[in-house]
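Trainee: File name run35.txt; file contents compact mmCIF, C-alpha atoms and all ligand atoms; full text below.
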# COMPACT_ATOMS: atom_id res chain seq x y z
CA MET A 1 -140.81 -44.92 -31.15
CA SER A 2 -141.06 -46.35 -27.65
CA THR A 3 -144.62 -47.64 -27.37
CA VAL A 4 -147.23 -49.44 -29.42
CA SER A 5 -150.61 -47.79 -28.98
CA GLY A 6 -149.31 -46.19 -25.78
CA ARG A 7 -148.41 -49.48 -24.06
CA ARG A 8 -145.20 -49.67 -22.01
CA LEU A 9 -142.46 -51.68 -23.68
CA HIS A 10 -141.58 -54.95 -21.95
CA HIS A 11 -138.68 -57.25 -22.77
CA LEU A 12 -141.10 -60.23 -22.88
CA GLY A 13 -143.17 -58.51 -25.57
CA THR A 14 -146.38 -57.96 -23.61
CA HIS A 15 -146.67 -54.52 -25.24
CA ARG A 16 -147.58 -56.29 -28.50
CA VAL A 17 -150.53 -58.20 -27.04
CA LEU A 18 -153.86 -57.00 -28.40
CA ASP A 19 -156.22 -59.69 -27.16
CA PRO A 20 -156.87 -60.62 -24.44
CA VAL A 21 -155.44 -57.79 -22.42
CA GLY A 22 -153.01 -59.06 -19.80
CA ALA A 23 -152.06 -62.23 -21.70
CA MET A 24 -148.48 -63.15 -22.52
CA PRO A 25 -147.60 -63.11 -26.26
CA GLN A 26 -147.67 -66.91 -26.55
CA SER A 27 -151.04 -67.42 -24.93
CA ALA A 28 -152.57 -64.33 -26.54
CA TRP A 29 -155.12 -64.75 -29.28
CA GLN A 30 -153.83 -61.75 -31.22
CA LEU A 31 -150.63 -59.74 -31.39
CA ASP A 32 -149.90 -56.37 -32.96
CA ASN A 33 -147.78 -57.36 -35.96
CA THR A 34 -146.93 -53.85 -37.16
CA PRO A 35 -143.59 -54.40 -38.94
CA VAL A 36 -141.46 -51.82 -37.15
CA ALA A 37 -138.62 -52.21 -34.64
CA LEU A 38 -139.58 -50.57 -31.38
CA ASP A 39 -136.76 -49.60 -29.03
CA ASN A 40 -136.40 -53.08 -27.50
CA GLU A 41 -137.13 -55.18 -30.59
CA ILE A 42 -135.40 -56.64 -33.62
CA LEU A 43 -137.12 -56.41 -36.99
CA CYS A 44 -136.29 -59.11 -39.53
CA ASP A 45 -137.13 -59.65 -43.17
CA VAL A 46 -138.36 -63.22 -43.18
CA GLU A 47 -137.22 -65.59 -45.91
CA VAL A 48 -138.71 -68.89 -44.87
CA LEU A 49 -140.96 -70.29 -42.16
CA ASN A 50 -140.37 -73.78 -40.84
CA ILE A 51 -143.90 -74.70 -39.79
CA ASP A 52 -143.99 -77.05 -36.82
CA SER A 53 -144.55 -80.60 -38.09
CA ALA A 54 -147.76 -81.28 -36.14
CA SER A 55 -149.16 -77.94 -37.32
CA PHE A 56 -148.13 -78.39 -40.94
CA LYS A 57 -149.61 -81.89 -41.08
CA GLN A 58 -152.92 -80.61 -39.69
CA ILE A 59 -153.05 -77.67 -42.13
CA ALA A 60 -151.95 -79.79 -45.08
CA ASP A 61 -154.60 -82.43 -44.30
CA GLU A 62 -157.30 -79.76 -43.95
CA CYS A 63 -156.24 -78.20 -47.27
CA CYS A 64 -156.11 -81.58 -49.07
CA ARG A 65 -152.32 -81.07 -49.52
CA ASP A 66 -152.99 -78.30 -52.03
CA ALA A 67 -150.12 -75.76 -51.89
CA ASP A 68 -152.28 -72.76 -52.83
CA ARG A 69 -154.86 -73.58 -50.20
CA ILE A 70 -152.14 -74.09 -47.59
CA ALA A 71 -150.64 -70.70 -48.48
CA ALA A 72 -154.05 -69.04 -48.16
CA HIS A 73 -154.72 -70.83 -44.86
CA ILE A 74 -151.44 -69.69 -43.31
CA THR A 75 -151.93 -66.15 -44.60
CA ALA A 76 -155.39 -66.11 -43.01
CA ILE A 77 -154.11 -67.33 -39.62
CA VAL A 78 -151.42 -64.65 -39.58
CA ALA A 79 -153.84 -61.92 -40.72
CA GLN A 80 -156.21 -62.89 -37.93
CA ARG A 81 -153.75 -63.48 -35.09
CA GLY A 82 -150.68 -61.43 -36.03
CA LYS A 83 -148.61 -64.61 -35.62
CA GLN A 84 -148.40 -68.11 -37.11
CA HIS A 85 -150.19 -69.80 -34.21
CA ASN A 86 -152.23 -72.74 -35.47
CA PRO A 87 -155.48 -72.58 -33.49
CA VAL A 88 -156.03 -76.34 -33.85
CA THR A 89 -152.65 -77.72 -32.78
CA GLY A 90 -151.59 -74.67 -30.76
CA SER A 91 -148.10 -74.89 -32.27
CA GLY A 92 -146.01 -72.64 -34.52
CA GLY A 93 -142.51 -73.23 -35.85
CA MET A 94 -139.64 -70.82 -36.42
CA PHE A 95 -138.17 -68.63 -39.17
CA VAL A 96 -134.97 -67.76 -40.97
CA GLY A 97 -134.50 -64.19 -42.01
CA CYS A 98 -132.24 -61.20 -42.31
CA VAL A 99 -131.98 -58.54 -39.61
CA ARG A 100 -133.36 -55.27 -40.95
CA GLU A 101 -133.21 -53.13 -37.83
CA VAL A 102 -132.09 -53.45 -34.23
CA GLY A 103 -134.08 -51.26 -31.82
CA GLN A 104 -132.39 -48.26 -30.26
CA ALA A 105 -132.18 -49.73 -26.74
CA LEU A 106 -130.61 -52.99 -27.92
CA ARG A 107 -127.92 -51.51 -30.15
CA GLY A 108 -124.45 -52.31 -28.87
CA GLY A 109 -125.89 -54.65 -26.23
CA ILE A 110 -126.32 -57.63 -28.53
CA ASP A 111 -123.99 -59.13 -31.11
CA LEU A 112 -126.27 -58.50 -34.06
CA ILE A 113 -126.34 -55.93 -36.82
CA PRO A 114 -128.57 -55.28 -39.82
CA GLY A 115 -127.82 -57.59 -42.73
CA GLU A 116 -127.00 -60.65 -40.61
CA ARG A 117 -129.01 -63.80 -41.23
CA ILE A 118 -130.45 -65.56 -38.24
CA ALA A 119 -132.80 -68.36 -37.25
CA SER A 120 -135.34 -67.58 -34.56
CA LEU A 121 -135.20 -69.98 -31.64
CA VAL A 122 -138.51 -68.92 -30.16
CA SER A 123 -141.81 -70.22 -31.41
CA LEU A 124 -143.80 -68.50 -34.13
CA THR A 125 -146.69 -68.75 -31.67
CA LEU A 126 -145.30 -65.69 -29.88
CA THR A 127 -143.55 -63.94 -32.78
CA PRO A 128 -145.32 -60.96 -34.38
CA LEU A 129 -145.40 -61.79 -38.09
CA HIS A 130 -146.56 -59.81 -41.08
CA ILE A 131 -146.98 -61.60 -44.42
CA ASP A 132 -147.01 -59.68 -47.70
CA ALA A 133 -147.05 -62.83 -49.82
CA VAL A 134 -146.43 -66.56 -49.60
CA THR A 135 -144.16 -67.40 -52.50
CA ARG A 136 -143.76 -71.15 -52.10
CA VAL A 137 -144.90 -74.09 -50.00
CA ASP A 138 -142.84 -77.27 -49.78
CA LEU A 139 -145.19 -80.12 -48.94
CA THR A 140 -142.46 -82.60 -48.08
CA THR A 141 -140.64 -80.50 -45.47
CA GLY A 142 -143.29 -78.09 -44.17
CA ARG A 143 -141.27 -75.06 -45.20
CA VAL A 144 -143.07 -71.96 -46.43
CA TRP A 145 -141.22 -69.16 -48.23
CA ILE A 146 -142.70 -65.71 -47.73
CA ARG A 147 -142.14 -62.02 -48.22
CA GLY A 148 -142.78 -60.45 -44.86
CA GLN A 149 -141.37 -59.29 -41.57
CA ALA A 150 -141.12 -60.68 -38.06
CA VAL A 151 -140.38 -58.99 -34.75
CA LEU A 152 -138.17 -60.52 -32.06
CA PHE A 153 -138.50 -59.28 -28.50
CA ALA A 154 -135.51 -58.46 -26.29
CA SER A 155 -136.01 -61.80 -24.51
CA ALA A 156 -136.08 -63.82 -27.74
CA LEU A 157 -133.55 -66.51 -28.54
CA TRP A 158 -131.97 -66.52 -31.97
CA ALA A 159 -128.90 -68.02 -33.60
CA LYS A 160 -126.66 -66.82 -36.39
CA LEU A 161 -126.67 -69.41 -39.12
CA PRO A 162 -123.58 -71.62 -39.05
CA HIS A 163 -121.17 -71.36 -41.98
CA ASP A 164 -120.47 -75.09 -42.27
CA ILE A 165 -124.08 -76.29 -42.49
CA ASP A 166 -126.55 -75.57 -45.29
CA GLN A 167 -129.03 -72.92 -44.17
CA ASN A 168 -132.12 -75.04 -44.91
CA VAL A 169 -130.62 -77.95 -43.03
CA ALA A 170 -129.76 -75.70 -40.10
CA LEU A 171 -133.35 -74.47 -40.08
CA ALA A 172 -134.68 -78.05 -39.96
CA VAL A 173 -132.29 -78.97 -37.15
CA LEU A 174 -132.76 -75.83 -35.08
CA ASP A 175 -136.54 -76.26 -35.20
CA VAL A 176 -136.22 -79.45 -33.15
CA ALA A 177 -133.08 -78.52 -31.21
CA GLY A 178 -134.73 -79.14 -27.84
CA ALA A 179 -135.07 -82.88 -28.49
CA PRO A 180 -131.45 -84.04 -28.91
CA ALA A 181 -130.30 -81.62 -26.21
CA GLN A 182 -132.83 -82.99 -23.74
CA VAL A 183 -132.01 -86.58 -24.71
CA ALA A 184 -128.35 -85.88 -23.95
CA ARG A 185 -129.39 -84.72 -20.51
CA LEU A 186 -131.87 -87.52 -19.71
CA CYS A 187 -130.00 -90.60 -20.94
CA SER A 188 -127.03 -92.26 -19.28
CA PRO A 189 -124.75 -95.23 -20.00
CA GLY A 190 -126.32 -98.68 -19.98
CA GLN A 191 -129.91 -97.48 -20.27
CA THR A 192 -132.62 -98.70 -22.63
CA VAL A 193 -134.12 -95.82 -24.59
CA ALA A 194 -137.15 -96.01 -26.90
CA ILE A 195 -137.66 -93.26 -29.47
CA VAL A 196 -141.20 -93.07 -30.87
CA GLY A 197 -141.25 -91.54 -34.37
CA ALA A 198 -137.55 -92.33 -34.75
CA ASP A 199 -137.52 -91.66 -38.49
CA GLY A 200 -138.42 -87.96 -38.34
CA LYS A 201 -136.15 -84.93 -37.83
CA SER A 202 -136.21 -84.90 -34.04
CA GLY A 203 -136.35 -88.70 -33.94
CA LEU A 204 -133.18 -89.17 -35.98
CA LEU A 205 -131.24 -86.60 -33.96
CA SER A 206 -132.55 -88.09 -30.72
CA CYS A 207 -131.51 -91.61 -31.75
CA ALA A 208 -128.02 -90.34 -32.63
CA GLN A 209 -127.72 -88.56 -29.32
CA ALA A 210 -129.21 -91.46 -27.31
CA LYS A 211 -126.87 -93.98 -28.92
CA SER A 212 -123.85 -91.85 -27.97
CA ARG A 213 -125.10 -91.50 -24.40
CA VAL A 214 -126.14 -95.09 -23.58
CA GLY A 215 -122.99 -96.61 -25.06
CA ALA A 216 -122.32 -100.24 -25.91
CA ALA A 217 -123.98 -101.55 -22.76
CA GLY A 218 -127.18 -99.65 -23.49
CA ARG A 219 -129.88 -100.14 -26.08
CA VAL A 220 -131.76 -97.77 -28.36
CA ILE A 221 -135.09 -98.93 -29.79
CA GLY A 222 -136.47 -96.91 -32.70
CA ILE A 223 -140.24 -97.08 -33.27
CA VAL A 224 -141.31 -96.23 -36.83
CA PRO A 225 -144.45 -96.68 -38.88
CA ASP A 226 -142.56 -98.10 -41.87
CA ALA A 227 -139.21 -99.91 -42.02
CA SER A 228 -138.72 -99.29 -45.72
CA THR A 229 -138.34 -95.50 -45.66
CA PRO A 230 -134.86 -94.03 -46.29
CA ALA A 231 -134.79 -92.67 -42.73
CA SER A 232 -135.66 -96.05 -41.18
CA GLN A 233 -133.04 -97.77 -43.28
CA LEU A 234 -130.52 -95.11 -42.29
CA LEU A 235 -131.17 -95.73 -38.60
CA GLU A 236 -130.27 -99.38 -39.03
CA ARG A 237 -127.40 -98.87 -41.46
CA LEU A 238 -125.66 -96.33 -39.22
CA GLY A 239 -126.34 -98.37 -36.09
CA LEU A 240 -128.21 -95.48 -34.48
CA VAL A 241 -130.73 -98.01 -33.18
CA ASP A 242 -130.13 -101.49 -31.83
CA ASP A 243 -133.65 -102.51 -32.75
CA LEU A 244 -136.20 -101.12 -35.16
CA VAL A 245 -139.83 -101.72 -34.15
CA VAL A 246 -142.44 -101.22 -36.84
CA ALA A 247 -145.67 -100.14 -35.19
CA ASP A 248 -148.38 -97.53 -35.22
CA ALA A 249 -147.68 -95.68 -31.97
CA ARG A 250 -151.42 -94.97 -31.61
CA ASP A 251 -151.94 -98.70 -31.03
CA ALA A 252 -150.79 -98.70 -27.42
CA LEU A 253 -150.92 -102.44 -26.82
CA ASP A 254 -149.24 -103.39 -30.06
CA VAL A 255 -146.34 -100.96 -29.70
CA SER A 256 -145.72 -101.76 -26.04
CA GLU A 257 -145.89 -105.53 -26.61
CA LYS A 258 -143.37 -105.25 -29.43
CA VAL A 259 -141.03 -103.24 -27.21
CA ALA A 260 -141.52 -105.70 -24.32
CA ALA A 261 -140.63 -108.58 -26.63
CA ILE A 262 -137.22 -106.96 -27.21
CA ALA A 263 -136.67 -105.42 -23.79
CA PRO A 264 -138.80 -107.26 -21.17
CA ALA A 265 -137.83 -104.75 -18.47
CA LEU A 266 -139.06 -101.98 -20.78
CA ALA A 267 -137.38 -98.62 -21.40
CA ASP A 268 -135.71 -96.36 -18.86
CA VAL A 269 -136.43 -93.38 -21.10
CA VAL A 270 -139.08 -93.01 -23.81
CA VAL A 271 -138.86 -90.05 -26.18
CA ASN A 272 -142.00 -89.21 -28.14
CA CYS A 273 -141.18 -87.48 -31.46
CA VAL A 274 -144.31 -88.14 -33.52
CA ASN A 275 -146.44 -85.57 -35.32
CA VAL A 276 -149.84 -87.17 -34.76
CA PRO A 277 -152.19 -87.21 -31.76
CA GLY A 278 -153.10 -90.31 -29.74
CA THR A 279 -149.69 -91.76 -28.89
CA GLU A 280 -149.50 -90.87 -25.19
CA LEU A 281 -150.51 -94.25 -23.77
CA GLY A 282 -148.34 -96.22 -26.17
CA SER A 283 -145.34 -94.19 -25.01
CA ILE A 284 -146.23 -94.59 -21.34
CA LEU A 285 -146.62 -98.36 -21.67
CA CYS A 286 -143.16 -98.64 -23.24
CA ALA A 287 -141.60 -97.13 -20.10
CA LYS A 288 -140.75 -99.13 -16.99
CA ASP A 289 -142.11 -98.15 -13.58
CA ASP A 290 -140.05 -95.14 -12.38
CA GLY A 291 -139.00 -94.51 -15.97
CA ILE A 292 -139.12 -91.21 -17.84
CA VAL A 293 -141.37 -90.29 -20.75
CA TYR A 294 -140.28 -87.17 -22.60
CA PHE A 295 -143.11 -85.82 -24.75
CA PHE A 296 -141.40 -83.68 -27.37
CA SER A 297 -144.38 -84.02 -29.68
CA MET A 298 -146.69 -81.03 -30.00
CA SER A 299 -149.56 -83.45 -30.54
CA THR A 300 -149.35 -84.52 -26.91
CA SER A 301 -152.44 -84.11 -24.75
CA PHE A 302 -151.72 -83.38 -21.10
CA THR A 303 -155.07 -84.93 -20.17
CA ALA A 304 -154.46 -88.11 -22.17
CA ALA A 305 -150.96 -88.49 -20.71
CA ALA A 306 -151.92 -87.79 -17.09
CA LEU A 307 -155.12 -89.82 -17.03
CA GLY A 308 -153.62 -92.53 -19.22
CA ALA A 309 -150.69 -93.13 -16.87
CA GLU A 310 -153.02 -93.16 -13.89
CA GLY A 311 -155.39 -95.56 -15.63
CA VAL A 312 -152.68 -98.15 -16.29
CA GLY A 313 -151.02 -97.60 -12.90
CA ARG A 314 -147.64 -96.68 -14.37
CA ASP A 315 -145.53 -94.49 -12.05
CA VAL A 316 -143.50 -92.63 -14.65
CA THR A 317 -142.04 -89.15 -14.70
CA MET A 318 -143.49 -87.29 -17.67
CA ILE A 319 -141.67 -84.31 -19.07
CA VAL A 320 -143.18 -81.63 -21.29
CA GLY A 321 -140.98 -81.08 -24.32
CA ASN A 322 -139.64 -77.65 -23.51
CA GLY A 323 -138.44 -76.25 -26.83
CA TYR A 324 -135.57 -74.67 -24.96
CA THR A 325 -132.79 -76.53 -23.21
CA LYS A 326 -129.58 -74.71 -22.28
CA GLY A 327 -127.17 -74.87 -25.22
CA HIS A 328 -129.76 -76.64 -27.37
CA ALA A 329 -128.84 -75.02 -30.68
CA GLY A 330 -125.16 -75.91 -30.28
CA THR A 331 -125.95 -79.48 -29.19
CA ALA A 332 -128.32 -80.08 -32.10
CA LEU A 333 -125.94 -78.74 -34.74
CA GLN A 334 -123.04 -80.66 -33.18
CA THR A 335 -125.11 -83.87 -33.27
CA LEU A 336 -125.32 -83.38 -37.01
CA ARG A 337 -121.58 -82.69 -37.36
CA ASP A 338 -120.76 -85.78 -35.27
CA HIS A 339 -122.86 -88.03 -37.50
CA PRO A 340 -121.88 -87.49 -41.14
CA GLY A 341 -124.41 -90.10 -42.31
CA VAL A 342 -127.27 -88.22 -40.64
CA HIS A 343 -125.86 -84.95 -41.98
CA ALA A 344 -125.82 -86.37 -45.52
CA TYR A 345 -129.46 -87.50 -45.13
CA PHE A 346 -130.52 -84.04 -43.89
CA ASN A 347 -128.63 -82.47 -46.81
CA GLU A 348 -130.45 -84.68 -49.26
CA LYS A 349 -133.86 -84.08 -47.74
CA TYR A 350 -133.74 -80.47 -46.55
CA ALA A 351 -131.00 -78.61 -48.42
CA GLN A 352 -132.89 -78.47 -51.72
CA VAL A 353 -134.61 -75.17 -52.34
N1 LIG A 401 -141.37 -79.41 -28.02
C1 LIG A 401 -140.97 -78.54 -28.91
O1 LIG A 401 -140.50 -77.48 -28.60
C2 LIG A 401 -141.09 -78.88 -30.36
C3 LIG A 401 -140.38 -78.15 -31.31
C4 LIG A 401 -140.50 -78.52 -32.64
C5 LIG A 401 -141.32 -79.60 -33.01
N2 LIG A 401 -142.01 -80.26 -32.03
C6 LIG A 401 -142.90 -81.39 -32.33
O2 LIG A 401 -142.13 -82.57 -32.33
C7 LIG A 401 -142.78 -83.55 -33.16
C8 LIG A 401 -141.78 -84.09 -34.16
O3 LIG A 401 -141.31 -83.03 -35.01
P1 LIG A 401 -140.38 -83.38 -36.25
O4 LIG A 401 -140.09 -82.09 -36.91
O5 LIG A 401 -139.30 -84.29 -35.85
O6 LIG A 401 -141.48 -84.19 -37.13
P2 LIG A 401 -141.26 -85.13 -38.37
O7 LIG A 401 -139.93 -84.93 -38.97
O8 LIG A 401 -142.47 -84.95 -39.22
O9 LIG A 401 -141.29 -86.57 -37.69
C9 LIG A 401 -142.46 -87.15 -37.15
C10 LIG A 401 -142.29 -88.63 -37.26
O10 LIG A 401 -143.35 -89.32 -36.58
C11 LIG A 401 -143.67 -90.46 -37.37
N3 LIG A 401 -145.01 -90.91 -37.12
C12 LIG A 401 -146.18 -90.36 -37.55
N4 LIG A 401 -147.23 -91.08 -37.16
C13 LIG A 401 -146.72 -92.14 -36.45
C14 LIG A 401 -147.31 -93.24 -35.79
N5 LIG A 401 -148.64 -93.39 -35.76
N6 LIG A 401 -146.51 -94.15 -35.21
C15 LIG A 401 -145.16 -94.01 -35.23
N7 LIG A 401 -144.54 -92.96 -35.83
C16 LIG A 401 -145.32 -92.05 -36.44
C17 LIG A 401 -143.57 -89.93 -38.79
O11 LIG A 401 -143.43 -91.01 -39.70
P3 LIG A 401 -143.95 -90.82 -41.22
O12 LIG A 401 -143.22 -89.63 -41.76
O13 LIG A 401 -143.58 -92.10 -41.87
O14 LIG A 401 -145.42 -90.56 -41.11
C18 LIG A 401 -142.32 -89.08 -38.72
O15 LIG A 401 -141.17 -89.80 -39.00
C19 LIG A 401 -143.95 -82.85 -33.80
O16 LIG A 401 -145.10 -83.11 -33.05
C20 LIG A 401 -143.58 -81.40 -33.67
O17 LIG A 401 -144.72 -80.61 -33.69
C21 LIG A 401 -141.90 -79.93 -30.73
Please render this file's structure as structure tokens.

Mentor:
Amino acid sequence: MSTVSGRRLHHLGTHRVLDPVGAMPQSAWQLDNTPVALDNEILCDVEVLNIDSASFKQIADECCRDADRIAAHITAIVAQRGKQHNPVTGSGGMFVGCVREVGQALRGGIDLIPGERIASLVSLTLTPLHIDAVTRVDLTTGRVWIRGQAVLFASALWAKLPHDIDQNVALAVLDVAGAPAQVARLCSPGQTVAIVGADGKSGLLSCAQAKSRVGAAGRVIGIVPDASTPASQLLERLGLVDDLVVADARDALDVSEKVAAIAPALADVVVNCVNVPGTELGSILCAKDDGIVYFFSMSTSFTAAALGAEGVGRDVTMIVGNGYTKGHAGTALQTLRDHPGVHAYFNEKYAQV
């Protein structure tokens, strides 16, 4: 088969867009999720979805943290849109699955054969997904086990699961791979770096990476809502932060004053890793003039960030958290290998099935 409904195959997957015509798969409202491998596609049997944290929190809150209601909600989104693209947060997640079929035109050209297990490194917001059944929802990690199939386009990024890291841990790390990889690129020796939401997945990996990059002359400030959580305690115990600030990042004045009390010149780089809206201005106020604010969070509002920075007269460079950074999967997994204490924490929290 070389077309869907007569549309010309395209390596970016535009042939799967149903609505609106002319949209790219990510911005489209609806994709054709017919579970077949066209010539330039890879069909996978999906085992588990790692729902993006901002999206899972929004769905879980709306469904009163009831697993059955969450399962029904996700099933309904996918039935309606042909992809797990949360219409409220606009975010998706990624999946782990087993390759069922590699399209005719891709065979021999990529290092992938049926039976191999992979993690998708492109968002579920552009991945055609068909769900037969949701078999389990894990409220603590945002993972959703399903029976179903997903389609990867020729342009899609994917990674074979590493042999030395538990598959569920790899899934959790690969979901946020862009954060530590970008931190490695943005931070340099001697700098002050503030990580907002330091106790989450991307926050922990970003702190580990920032600490390695800034070195002894630099300073990493972790901002967390609660100092008593295992992750917050881990940050201090492993020395991944020089200072732990307990603050609600939505309270812009409080968080920035606490950071200023520790680092009066403020941060060279601020990395926002939270999963709630309303933290743009707090992050901006933690950065010095000419500093960098990297918004990895999917809860970030472009309007709030742009108008907020203007309103407080802070000349900062703001970076959208591109989920892809060259070599991001390798950097993220290596960050875990280089920090056995963080690895042990991820094993404890995410390896359980
Ligand atoms: N840019 C991309 O490509 C990309 C890819 C994947 C994910 N993301 C986004 O990145 C963000 C982080 O993802 P993740 O998987 O690392 O999430 P996570 O593990 O859930 O971590 C989020 C952290 O933010 C903390 N937090 C929540 N509210 C806060 C507040 N008011 N003040 C300070 N900290 C607060 C949470 O603390 P508690 O747990 O104590 O509430 C949690 O530790 C999410 O928005 C996610 O959607 C972006």

Trainee: List every protein, DNA or RNA residue that has at least one atom no more than 9 Å from (-122.6, -79.3, -36.8) in the file's coordinates, counting all atoms listed in the file, and write the result as a ChimeraX atom specification.

Mentor: /A:162,164-165,170,330-339,343

Trainee: Dump as a list in words all residues having an atom at most 10 Å from (-136.5, -99.4, -22.1), computed in the file's coordinates with all atoms listed in the file.

Mentor: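 Those within range, by chain then number, are Gln191, Thr192, Val193, Ala194, Ile195, Gly218, Arg219, Val220, Ile221, Val259, Ala260, Ile262, Ala263, Pro264, Ala265, Leu266, Ala267, Asp268, Val269, Val270, Cys286, Ala287, Lys288, Gly291 and Ile292 of chain A.
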
Trainee: Within 6 Å of ligand LIG 401 (chain A), counting all atoms listed in the file: which residues, as a ChimeraX atom specification?

Mentor: /A:52-54,175-176,196-197,199-203,224-225,248-250,273-276,296-299,321-323

Trainee: Name the closest residue to A:Lys83 among the candidates A:Arg107, A:Arg213, A:Arg16, A:Arg65; distances are taken between atoms, counting all atoms listed in the file.

Mentor: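 Using all atoms listed in the file, the shortest distance to A:Lys83 belongs to A:Arg16.
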
Trainee: Please list as a VMD selection string every residue within 9 Å of stretch 109-126 of chain A, counting only C-alpha atoms and excluding residues in the same chain fewer than 2 positions away.

Mentor: chain A and resid 13 24 to 28 31 44 49 51 to 52 83 to 86 90 to 102 105 to 107 128 to 129 152 156 to 161 170 to 171 174 to 175 177 323 to 324 329

Trainee: Produce the centre coordinates and the three edge lengths, each in Å to one decimal, of the box along x, y and z that contains all listed atoms of stretch 204-214 of chain A with 6 Å added on each side, as lines of an AutoDock Vina configuration file.

Mentor:
center_x = -128.5
center_y = -90.8
center_z = -29.8
size_x = 21.3
size_y = 20.5
size_z = 24.4

Trainee: Can you pull out every residue within 9 Å of A:Asn33, counting all atoms listed in the file, but drop anything in the same chain fewer than 3 positions away, and send it as a list in words?

Mentor: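 The residues that qualify are Arg16, Gln30, Val36, Val78, Ala79, Arg81, Gly82, Lys83, Thr127, Pro128, Leu129, His130, Gln149, Ala150 and Val151 of chain A.
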
Trainee: Keeping only C-alpha atoms, write the selected residues as a PDB file, in the coordinates of the input.

Mentor:
ATOM      1  CA  ARG A  16    -147.580 -56.290 -28.500  1.00  0.00           C
ATOM      2  CA  GLN A  30    -153.830 -61.750 -31.220  1.00  0.00           C
ATOM      3  CA  VAL A  36    -141.460 -51.820 -37.150  1.00  0.00           C
ATOM      4  CA  VAL A  78    -151.420 -64.650 -39.580  1.00  0.00           C
ATOM      5  CA  ALA A  79    -153.840 -61.920 -40.720  1.00  0.00           C
ATOM      6  CA  ARG A  81    -153.750 -63.480 -35.090  1.00  0.00           C
ATOM      7  CA  GLY A  82    -150.680 -61.430 -36.030  1.00  0.00           C
ATOM      8  CA  LYS A  83    -148.610 -64.610 -35.620  1.00  0.00           C
ATOM      9  CA  THR A 127    -143.550 -63.940 -32.780  1.00  0.00           C
ATOM     10  CA  PRO A 128    -145.320 -60.960 -34.380  1.00  0.00           C
ATOM     11  CA  LEU A 129    -145.400 -61.790 -38.090  1.00  0.00           C
ATOM     12  CA  HIS A 130    -146.560 -59.810 -41.080  1.00  0.00           C
ATOM     13  CA  GLN A 149    -141.370 -59.290 -41.570  1.00  0.00           C
ATOM     14  CA  ALA A 150    -141.120 -60.680 -38.060  1.00  0.00           C
ATOM     15  CA  VAL A 151    -140.380 -58.990 -34.750  1.00  0.00           C
TER      16      VAL A 151
END

Trainee: Identify which of the residues A:Pro189, A:Gly278, A:Pro230, A:Pro20 lies closest to A:Ala210, counting all atoms listed in the file when measuring atom-to-atom distances.

Mentor: A:Pro189

Trainee: Could you check how far atom CA of A:Leu281 sits from atom CA of A:Val246, in Å to one decimal?

Mentor: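 Computed distance, atom CA of A:Leu281 to atom CA of A:Val246, equals 16.9 Å.
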
Trainee: As an exercise, work out the distance from atom CA of A:Gly178 to atom CA of A:Phe153 in Å and give it to one decimal place.

Mentor: 20.2 Å

Trainee: Pick out the closest residue to A:Leu253 from this set: A:Thr279, A:Asn272, A:Gln58, A:Ser228. Count all atoms listed in the file.

Mentor: A:Thr279

Trainee: Using only C-alpha atoms, pick whichever of A:Asn50, A:Thr14, A:Gln182, A:Ser256 has the shortest atom-to-atom distance to A:Val320.

Mentor: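 Under the stated criterion, the closest residue is A:Gln182.
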
Trainee: Need to verify the contact set: A:Cys64, 12 Å, only C-alpha atoms, exclusion of same-chain residues closer than 6 positions in sequence. Can you return it as a VMD selection string?

Mentor: chain A and resid 56 to 58 70 73 139

Trainee: For atom CA of A:Ala231 and atom CA of A:Ala181, quote the distance in Å rounded to one decimal.

Mentor: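 Atom-to-atom, atom CA of A:Ala231 to atom CA of A:Ala181, that is 20.4 Å.
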
Trainee: A:Ala304: which residues within 12 Å, counting only C-alpha atoms, same-chain residues fewer than 6 positions away excluded, as an NGL selection string?

Mentor: :A and (277-284 or 295 or 310-312 or 318)

Trainee: Got a sec: who's within 10 Å of A:Gly341, counting only C-alpha atoms, leaving out chain neighbours fewer than 6 positions off, as a count of residues only?

Mentor: 5
